[in-house]
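Student: Following this message is one structure expressed as structure tokens.
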Amino acid sequence: MKIIADANMPGLELFSRQGTVVKVDGRSIDPATVKDADILLVRSVTRVDEALLADSAVRFVGSATIGTDHVDLEWLAKTGRHFAHAPGCNARAVAEYVLQALLLVCQRQGRSAATMSVAVIGMGNVGSRVARWLAALGLKVRACDPLLKEQGVETGFALEPVESVLDCDVISVHVPLTRNGPCPTWHLLDKNRLSVMGPEKILINTCRGPVVDNSALLALLKAGQGPASVLDVWEDEPRVPAELLDRVVLGSPHIAGYSAQGKENGTRMVYEAFCRWSGLAAPLPGTEEALPALRLDVTDEAGLLALLQTAYSLPEDFRRLQESLENADPAWAFDQLRKQYPFRQEMHRWDWQGTASEPFRAILNALFAPA
Ligand SMILES: NC(=O)c1ccc[n+]([C@@H]2O[C@H](COP(=O)([O-])OP(=O)(O)OC[C@H]3O[C@@H](n4cnc5c(N)ncnc54)[C@H](O)[C@@H]3O)[C@@H](O)[C@H]2O)c1
Ligand SMILES: O=C(O)[C@H](O)[C@H](O)COP(=O)(O)O
């Protein structure tokens, strides 16, 4: 069995038991690469559609990602090709990123996060976790998810229309990128909605770049009227406009989900799906080595931020992204940052031995709860 896989998917040894794994750069996977392959394993950078697979023997496509906007799901289903992805695999990493981003922006603005309101747009695996964690920190959470509302799904939060939640202090978006269907998300935050926010608001986008109209955001930021913005994702990746990067408070190269556990979950979930599809028994998950003790006490938001930053520094990622724009080929440099990323350990992996004052116990319990 021939398995074509994105070379930057960790844990591919799992698949080596089932066939010959050929590792290829994700952006260079083309019809010739997959012509005689049986299995295709991708990340978010490979477009999977008729143009790629029409002449190929591929019958199983796995994407080690939460998002599926790079895959033509309808065409795969129509042509009898099986598809699997990894829902929720890195949700915890993204929630940790959002928490750190919010605390950093608040620190710079001299504000307390706990006194703020937050709009969580998209209440799936990532958004619902963000909502629970920020509520645990004391923020007033307002949620928006018209599809879950329509289905009557209970999220623990009242679900409001998008327009109603834009007056919150913080807007965090967690929707899939969709161009069709009842609630498309392409440019969900367009010029009009971004204009409503104003400079005193905080915008965090960790879902997909085109969910926020980047040109409209840039124009507002240039005019001093845009929200304090944290962008992990960009409308035209791997290109990041220098003008926009100069004006965001924090930016990163689409790595909000890049924890060691998120990546490991991604490949393992696709492998488990492959085993179900081909009738193989899935292996039992392995155990991870214990990490050193963290002895920081948390008595205020600065303490919580310091604790988060023992595992991961978002400003470091921002600095690296800024430097990458000085490269002669910044798009290549963006991809390099992602390929060589030092995957971080999620907080629950650490042995936290500090104490916390009462307002921080709930969020710390959530952060360190086993996965
Ligand atoms: N930056 C990263 O590294 C990173 C990591 C993981 C996921 N993501 C992105 O984040 C997205 C969300 O992840 P998830 O795990 O929560 O996905 P999910 O599928 O579990 O949840 C998405 C939610 O968005 C809702 N939704 C869809 N259209 C909407 C709309 N117009 N308005 C409001 N809500 C809407 C859906 O009903 C669903 O509940 C993914 O699709 C992916 O593109 C990015
Ligand atoms: O959808 C996802 O899971 C994330 O966006 C994921 O982190 C993307 O990472 P990539 O597949 O590009 O490595």
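Letters for chains follow the order of the structure tokens (A, B, ...), residue numbers begin at 1 for each chain, and ligand numbers begin at 1 in the order shown.
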Check every protein, DNA and RNA residue against ligand 2, keep those with an atom at most 9 Å away (counting only C-alpha atoms and all ligand atoms), and present them as a PyMOL selection string.
Tutor: chain A and resi 8-9+42-46+63-69+85-91+94+176+206-208+233+254-259+262-263+266+338-339
Student: DSSP on the backbone, alpha helix (DSSP H) only: what residues of region 32-259 of chain A does that give? Format it as a PyMOL selection string.
Tutor: chain A and resi 32-34+50-53+73-78+91-109+125-137+146-151+162-165+191-197+214-222+242-247
Student: May I have the selected residues written with C-alpha atoms, as a short mmCIF file (atom, residue, chain, number, x, y, z; two decimals), in the first residue's frame?
Tutor:
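Everything below was put into out25.cif:
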```
data_model
loop_
_atom_site.label_atom_id
_atom_site.label_comp_id
_atom_site.auth_asym_id
_atom_site.auth_seq_id
_atom_site.Cartn_x
_atom_site.Cartn_y
_atom_site.Cartn_z
CA ALA A 32 1.64 13.20 -10.25
CA THR A 33 2.55 12.68 -6.57
CA VAL A 34 -0.73 10.94 -5.78
CA GLU A 50 -10.99 16.83 -8.11
CA ALA A 51 -8.01 18.62 -9.69
CA LEU A 52 -5.67 16.73 -7.36
CA LEU A 53 -7.30 13.32 -7.19
CA LEU A 73 -15.71 17.00 1.06
CA GLU A 74 -18.64 16.82 -1.34
CA TRP A 75 -16.47 15.64 -4.25
CA LEU A 76 -14.72 13.03 -2.09
CA ALA A 77 -18.07 11.64 -0.92
CA LYS A 78 -19.50 11.69 -4.45
CA ALA A 91 -8.71 22.61 20.83
CA ARG A 92 -6.94 22.82 24.16
CA ALA A 93 -3.83 24.39 22.61
CA VAL A 94 -5.95 27.04 20.90
CA ALA A 95 -7.81 27.83 24.14
CA GLU A 96 -4.47 28.26 25.96
CA TYR A 97 -3.31 30.57 23.16
CA VAL A 98 -6.46 32.70 23.45
CA LEU A 99 -6.11 32.94 27.23
CA GLN A 100 -2.49 34.05 26.97
CA ALA A 101 -3.28 36.51 24.16
CA LEU A 102 -6.05 38.09 26.18
CA LEU A 103 -3.92 38.41 29.33
CA LEU A 104 -1.07 39.96 27.33
CA VAL A 105 -3.29 42.56 25.66
CA CYS A 106 -4.92 43.41 29.00
CA GLN A 107 -1.53 43.75 30.66
CA ARG A 108 -0.38 46.17 27.95
CA GLN A 109 -3.58 48.18 28.24
CA ASN A 125 -14.76 22.20 20.36
CA VAL A 126 -12.54 25.28 20.56
CA GLY A 127 -15.11 28.00 21.21
CA SER A 128 -16.95 26.13 23.96
CA ARG A 129 -13.65 25.51 25.77
CA VAL A 130 -12.65 29.17 25.40
CA ALA A 131 -16.08 30.17 26.72
CA ARG A 132 -15.83 27.89 29.77
CA TRP A 133 -12.27 28.95 30.58
CA LEU A 134 -12.91 32.68 30.23
CA ALA A 135 -16.09 32.34 32.33
CA ALA A 136 -13.97 30.54 34.94
CA LEU A 137 -11.61 33.54 34.94
CA PRO A 146 -26.67 30.01 14.86
CA LEU A 147 -26.19 26.41 13.70
CA LEU A 148 -26.12 24.97 17.23
CA LYS A 149 -29.05 27.22 18.15
CA GLU A 150 -31.03 25.87 15.20
CA GLN A 151 -30.22 22.29 16.28
CA VAL A 162 -23.64 37.82 15.81
CA GLU A 163 -24.79 41.44 15.69
CA SER A 164 -25.88 41.32 19.34
CA VAL A 165 -22.53 40.20 20.71
CA LYS A 191 -16.09 46.17 7.27
CA ASN A 192 -19.47 46.94 8.86
CA ARG A 193 -19.08 44.53 11.76
CA LEU A 194 -15.45 45.51 12.36
CA SER A 195 -16.44 49.18 12.35
CA VAL A 196 -18.92 48.57 15.15
CA MET A 197 -16.10 47.34 17.38
CA ASN A 214 -8.12 41.67 6.48
CA SER A 215 -8.22 44.68 4.14
CA ALA A 216 -11.09 46.23 6.06
CA LEU A 217 -9.32 45.55 9.34
CA LEU A 218 -6.12 47.14 8.03
CA ALA A 219 -7.99 50.22 6.83
CA LEU A 220 -9.62 50.64 10.24
CA LEU A 221 -6.33 50.12 12.08
CA LYS A 222 -4.63 52.69 9.83
CA ALA A 242 3.71 43.80 6.54
CA GLU A 243 1.34 46.74 6.98
CA LEU A 244 -1.10 44.60 8.91
CA LEU A 245 1.54 42.83 10.97
CA ASP A 246 2.89 46.27 11.98
CA ARG A 247 -0.48 47.24 13.35
#
```
Student: Let's see if you can do this: from backbone DSSP, list all strand (DSSP E) residues in region 76-320 of chain A, as a list of chain:residue names.
Tutor: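 Filtering region 76-320 of chain A down to strand (DSSP E) leaves A:His82, A:Phe83, A:Ala84, A:Ser117, A:Val118, A:Ala119, A:Val120, A:Ile121, A:Lys140, A:Val141, A:Arg142, A:Ala143, A:Cys144, A:Val170, A:Ile171, A:Ser172, A:Val173, A:Ile202, A:Leu203, A:Ile204, A:Asn205, A:Ala228, A:Ser229, A:Val230, A:Leu231, A:Leu250, A:Gly251, A:Ala293, A:Leu294.
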Student: Hey, which of A:Asp232, A:Glu272, A:Asp167, A:Glu346 ends up closest to ligand 1? Count only C-alpha atoms and all ligand atoms.
Tutor: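 Distance minimum relative to ligand 1 lands on A:Asp232.
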Student: As number ranges by chain, please: the residues near Ala57 (chain A) (cut-off 9 Å, only C-alpha atoms, same-chain neighbours under 3 positions excluded).
Tutor: A: 34-39, 53-54
Student: So, counting only C-alpha atoms, which residue among A:Ser252, A:Gln309, A:Asn365, A:Thr115 is closest to Asp335 (chain A)?
Tutor: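 Answer, going by the shortest atom-to-atom distance: A:Ser252.
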Student: Find the distance between CA of Cys144 (chain A) and atom 32 (N, counted along the ligand's line) of ligand 1 and write it in Å to one decimal.
Tutor: 6.3 Å
Student: Any idea what's packed within 7 Å of Val71 (chain A), counting only C-alpha atoms, ignoring anything in its chain fewer than 4 positions away? Could you give it as a ChimeraX atom specification?
Tutor: /A:47-49
Student: Taking 4 positions as the minimum chain separation for residues in the same chain, which residues sit within 10 Å of Glu235 (chain A) when counting only C-alpha atoms? Answer as a VMD selection string.
Tutor: chain A and resid 186 to 187 208 to 215 239 to 241
Student: Which is closest to ligand 1 among A:Ser16, A:Val61, A:Pro182, A:Ser112, if we use only C-alpha atoms and all ligand atoms?
Tutor: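 Counting only C-alpha atoms and all ligand atoms, the residue closest to ligand 1 is A:Pro182.
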Student: As a list in words, please: the residues near Ala356 (chain A) (cut-off 8 Å, only C-alpha atoms, same-chain neighbours under 3 positions excluded).
Tutor: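 Once the nearby chain positions are removed, what remains is Asp297, Val298, Thr299, Phe360, Arg361 and Leu364 of chain A.
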Student: Between atom 39 (O, counted along the ligand's line) of ligand 1 and CA of Ala228 (chain A), what distance in Å does the model show, to one decimal?
Tutor: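 Atom-to-atom, atom 39 (O, counted along the ligand's line) of ligand 1 and CA of Ala228 (chain A) are spaced 25.3 Å apart.
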Student: Residues near Ala311 (chain A), anyone? I mean within 10 Å using only C-alpha atoms, not counting same-chain ones fewer than 2 positions away, as a PyMOL selection string.
Tutor: chain A and resi 294+306-309+313+344-347+349-350
Student: Which of these residues is nearest to Gln322 (chain A), using only C-alpha atoms: A:Leu305, A:Ala282, A:Leu296, A:Val249?
Tutor: A:Val249
Student: Which of these residues is nearest to ligand 1, using only C-alpha atoms and all ligand atoms: A:Ala371, A:Val248, A:Val270, A:Leu159?
Tutor: A:Leu159
Student: Mind pulling up the distance from CA of Ala143 (chain A) to atom 31 (N, counted along the ligand's line) of ligand 1?
Tutor: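 Here the two named atoms are 12.1 Å from each other.
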Student: In terms of the shortest atom-to-atom distance over only C-alpha atoms and all ligand atoms, which of A:Gly156, A:Gly226, A:Pro253, A:Gly80 is closest to ligand 1?
Tutor: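 That would be A:Pro253, the residue with the smallest distance to ligand 1.
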